[in-house]
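This report concerns only the one structure given below.
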Amino acid sequence: MNGRIAALLRDFAAIQKSKQSMWGYKRAAAAILALEEPIESLLQPDGTLRKIPNIGPSSTRVILEVLQTGTSPTIERAIDESGQHQDVERRRDLRGNFLSRAQVLAAVRNNKLSGPRLEDYRGDLQMHSTWSDGSQTLGQIVEAGIERGYSFCGVTDHSYGLPIARGVSMARLVEQHLEIDRLNKKYRGRFRLIKGIEANIRADGSVDMKPSELRQLELVVAAPHSALRSTADQTARMVAAVEAPGVHILGHPRGRKYGSRPGITAKWDRVFAAAARANVAIEIDGDPSRQDIDFDLATQAVAAGCLFALDSDAHSTPELAYVETAIAHARLAGVPIERIVNCWPLERLLEWLESKRR
């Protein structure tokens with residue numbers, strides 16, 4: 001119900017003529033998606049709704065309408081009158097298999113599901129710092145990781161081939177590695193920061209760094225950042241990416257975004273088969289706007305014999321909690337714990353990373 005209401009509010013936002021109204025309904029949708037409990041539990045005995053931050057009177061009326069009838073005649077009528085029905089339907093098609101926060105917590109707590117539990121998770125392998133487009137320092141990443149009970153984290157700032165995300169030059173990467181060495185010395189025995197990069201997958205499937213440069217890193221996440229709205233088949237591109245020397249993880253494989261872009265179209269069974277052969281992990285990116293891959297595709301990757309990486313893609317310390325979304329998708333897909341690299345002991349993880357570098 002949280003997801004259904006949020007989707008309708010996003011539909012309403014899309015047809016607004018006023019930017020202020022558009023952002024108001026988008027904020028309301030985001031607030032509903034972020035609720036940690038089912039919205040039905042906030043309905044009071046007198047039929048009113050308990051106050052929710054960022055939810056105004058107009059959005060509240062829509063919510064009550066959906067709770068009472070299962071849909072919103074107000075929004076459906078407004079869509080018909082707007083003449084934007086086709087665009088709204090297109091956006092609706094871009095919200096498949098996204099979990100609300102309440103669904104995430106339900107999946108994490110559901111003892112009937114198999115797969116990883118929060119206590120099985122030992123460290124996050126995709127995140128960004130102030131060295132590229134993140135707002136967290138390396139020191140803050142270490143402290144936050146220790147607070148969450150992790151034994152390691154991989155810092156994967158963007159590579160120099162993605163200047164829009166303030167990609168790190170090789171010269172700056174040397175400086176970053178010196179800082180990581182200092183932190184690892186300081187926290188030896190308690191926490192290990194892994195030297196990583198998020199490399200960009202080009203149109204031909206190659207990554208935007210030289211092999212000699214990749215060998216300077218302990219961890220390489222290769223991810224697509226272009227042609228994410230194209231309907232053309234990109235199977236060859238993604239197969240080439242997982243077969244590229246030095247790549248450990250295929251990051252947010254589709255590059256989809258909630259309600260705005262579908263991401264890459266590919267024959268994923270072939271991509272997953274290639275990843276399994278290459279011993280490359282398929283990422284479940286827990287950013288709520290990405291959730292990529294989702295539980296449905298993850299089920300196919302399980303059947304193909306793939307390894308998995310469950311990551312937050314955090315750009316700030318509070319966003320480390322996004323990994324819970326990735327864990328929820330993994331539980332819904334029944335991903336075996338032994339195939340999740342984040343659940344491995346540090347020694348085993350480092351051996352796998354080193355074997356891929358060789």
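Starting from 1 in every chain, residues are counted up; chains themselves are A, B, ... following the order of the structure tokens, and ligands are numbered from 1 as listed.
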Please identify every residue of stretch 215-279 of chain A that has at least one atom no farther than 9 Å from an atom of stretch 152-173 of chain A, counting only C-alpha atoms, and for each give the shortest atom pair and the distance in Å to one decimal, arranged by chain then increasing number, as a tab-separated table.
residue	atom	partner	partner_atom	distance
A:Glu218	CA	A:Gly154	CA	8.9
A:Leu219	CA	A:Gly154	CA	7.3
A:Val220	CA	A:Thr156	CA	7.6
A:Val221	CA	A:Thr156	CA	7.3
A:His225	CA	A:Leu162	CA	8.5
Would you mind writing down, as a PyMOL selection string, each residue of stretch 9-182 of chain A that DSSP on the backbone assigns to strand (DSSP E or B)? chain A and resi 43+49+123-124+127+152-155+158-159+168
Keeping C-alpha atoms for every residue in the selection just given, could you write it to a file as a CSV table (one decimal), in the first residue's frame?
chain,number,residue,atom,x,y,z
A,43,LEU,CA,-5.0,5.5,10.4
A,49,LEU,CA,-4.5,10.1,9.4
A,123,GLY,CA,31.2,-4.9,5.0
A,124,ASP,CA,30.0,-2.6,2.2
A,127,MET,CA,30.6,3.8,-1.5
A,152,PHE,CA,35.8,-3.8,6.2
A,153,CYS,CA,34.6,-1.4,3.6
A,154,GLY,CA,35.6,-0.7,0.0
A,155,VAL,CA,36.0,2.9,-1.1
A,158,HIS,CA,34.4,7.4,-9.5
A,159,SER,CA,37.2,6.9,-12.0
A,168,VAL,CA,39.5,10.8,-9.4
Using 8 Å as the limit and counting only C-alpha atoms, can you tabulate each residue of stretch 281-314 of chain A that touches stretch 93-112 of chain A, with its shortest atom-to-atom distance in Å and the two atoms involved, as JSON lines?
{"residue": "A:Pro288", "atom": "CA", "partner": "A:Leu99", "partner_atom": "CA", "distance": 7.7}
{"residue": "A:Gln291", "atom": "CA", "partner": "A:Phe98", "partner_atom": "CA", "distance": 6.5}
{"residue": "A:Asp294", "atom": "CA", "partner": "A:Asn97", "partner_atom": "CA", "distance": 6.4}
{"residue": "A:Phe295", "atom": "CA", "partner": "A:Asn97", "partner_atom": "CA", "distance": 7.4}
{"residue": "A:Asp296", "atom": "CA", "partner": "A:Asn97", "partner_atom": "CA", "distance": 7.5}
Closest-contact table, stretch 193-309 of chain A side, partner stretch 336-349 of chain A, 6 Å, counting only C-alpha atoms, as CSV:
residue,atom,partner,partner_atom,distance
A:Leu307,CA,A:Arg339,CA,4.9
A:Phe308,CA,A:Ile340,CA,4.7
A:Ala309,CA,A:Val341,CA,5.7
Got time to write the residues from that selection, N, CA and C atoms, as a CSV table (one decimal), in the first residue's frame?
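Saved the output as out-v5.csv:
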chain,number,residue,atom,x,y,z
A,307,LEU,N,28.1,-15.1,-8.1
A,307,LEU,CA,28.4,-14.5,-6.8
A,307,LEU,C,27.7,-13.2,-6.8
A,308,PHE,N,27.5,-12.6,-5.6
A,308,PHE,CA,26.8,-11.4,-5.4
A,308,PHE,C,27.5,-10.4,-4.5
A,309,ALA,N,27.3,-9.1,-4.7
A,309,ALA,CA,27.7,-8.1,-3.8
A,309,ALA,C,26.5,-7.3,-3.4
Which of stretch 40-127 of chain A DSSP labels helix (DSSP H, G or I), written as a PyMOL selection string: chain A and resi 40-42+57-69+73-82+85-92+101-109+118-120
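Of the residues under consideration (A:Ala236, A:Val247, A:Val62, A:Val242), A:Val247 shows the shortest atom-to-atom contact distance to A:Ile197 when counting only C-alpha atoms.
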What is the atom CA of A:Leu183-atom CA of A:Ala281 distance in Å, reported with one decimal?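 Between atom CA of A:Leu183 and atom CA of A:Ala281 the gap is 26.8 Å.
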Neighbour list for A:Gly305 as a list in words, cut-off 12 Å, only C-alpha atoms, skip fewer than 2 positions in-chain: Asp269, Arg270, Val271, Phe272, Ala273, Ala274, Ala275, Ala276, Arg277, Ala278, Asn279, Val280, Ala281, Ile282, Ala298, Thr299, Gln300, Ala301, Val302, Ala303, Leu307, Phe308, Val335, Pro336, Glu338, Arg339 and Ile340 of chain A
Find the spatial neighbours of stretch 80-84 of chain A, counting only C-alpha atoms, within a cut-off of 12 Å - ignore same-chain residues fewer than 6 positions away - and output them as an mmCIF file with N, CA, C and O atoms, in the first residue's frame.
data_model
loop_
_atom_site.group_PDB
_atom_site.id
_atom_site.type_symbol
_atom_site.label_atom_id
_atom_site.label_comp_id
_atom_site.auth_asym_id
_atom_site.auth_seq_id
_atom_site.Cartn_x
_atom_site.Cartn_y
_atom_site.Cartn_z
ATOM 1 N N ASP A 11 2.541 10.152 -9.856
ATOM 2 C CA ASP A 11 1.719 10.412 -11.051
ATOM 3 C C ASP A 11 1.132 11.814 -10.986
ATOM 4 O O ASP A 11 1.135 12.550 -11.980
ATOM 5 N N PHE A 12 0.616 12.164 -9.821
ATOM 6 C CA PHE A 12 0.008 13.483 -9.625
ATOM 7 C C PHE A 12 1.057 14.582 -9.815
ATOM 8 O O PHE A 12 0.787 15.612 -10.436
ATOM 9 N N ALA A 13 2.255 14.340 -9.288
ATOM 10 C CA ALA A 13 3.338 15.325 -9.433
ATOM 11 C C ALA A 13 3.672 15.562 -10.901
ATOM 12 O O ALA A 13 3.932 16.696 -11.326
ATOM 13 N N ALA A 14 3.651 14.483 -11.696
ATOM 14 C CA ALA A 14 4.062 14.567 -13.102
ATOM 15 C C ALA A 14 3.159 15.448 -13.941
ATOM 16 O O ALA A 14 3.579 15.979 -14.976
ATOM 17 N N ILE A 15 1.893 15.620 -13.532
ATOM 18 C CA ILE A 15 0.956 16.394 -14.363
ATOM 19 C C ILE A 15 0.712 17.802 -13.823
ATOM 20 O O ILE A 15 -0.114 18.538 -14.363
ATOM 21 N N GLN A 16 1.434 18.181 -12.767
ATOM 22 C CA GLN A 16 1.245 19.518 -12.199
ATOM 23 C C GLN A 16 1.809 20.602 -13.106
ATOM 24 O O GLN A 16 2.888 20.436 -13.685
ATOM 25 N N LYS A 17 1.099 21.699 -13.215
ATOM 26 C CA LYS A 17 1.582 22.837 -14.005
ATOM 27 C C LYS A 17 2.519 23.712 -13.187
ATOM 28 O O LYS A 17 3.386 24.397 -13.731
ATOM 29 N N PRO A 73 -9.695 8.158 -7.419
ATOM 30 C CA PRO A 73 -10.449 8.756 -8.515
ATOM 31 C C PRO A 73 -10.016 10.193 -8.803
ATOM 32 O O PRO A 73 -10.023 10.627 -9.954
ATOM 33 N N THR A 74 -9.600 10.911 -7.766
ATOM 34 C CA THR A 74 -9.153 12.296 -7.944
ATOM 35 C C THR A 74 -7.962 12.355 -8.892
ATOM 36 O O THR A 74 -7.932 13.156 -9.829
ATOM 37 N N ARG A 90 3.866 5.468 -19.086
ATOM 38 C CA ARG A 90 5.284 5.168 -19.309
ATOM 39 C C ARG A 90 6.040 5.185 -17.986
ATOM 40 O O ARG A 90 6.863 4.301 -17.708
ATOM 41 N N ARG A 91 5.760 6.182 -17.166
ATOM 42 C CA ARG A 91 6.438 6.296 -15.876
ATOM 43 C C ARG A 91 6.063 5.137 -14.946
ATOM 44 O O ARG A 91 6.887 4.651 -14.175
#
Restricting the calculation to only C-alpha atoms: of A:Lys26, A:Arg256, A:His128, A:Lys356, which residue gets closest to A:Ala6?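 Among A:Lys26, A:Arg256, A:His128, A:Lys356, it is A:Lys26 that comes nearest to A:Ala6.
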Counting only C-alpha atoms, which of A:Arg10, A:Lys186, A:Thr48, A:Gly263 gets nearest to A:Ile79? A:Arg10
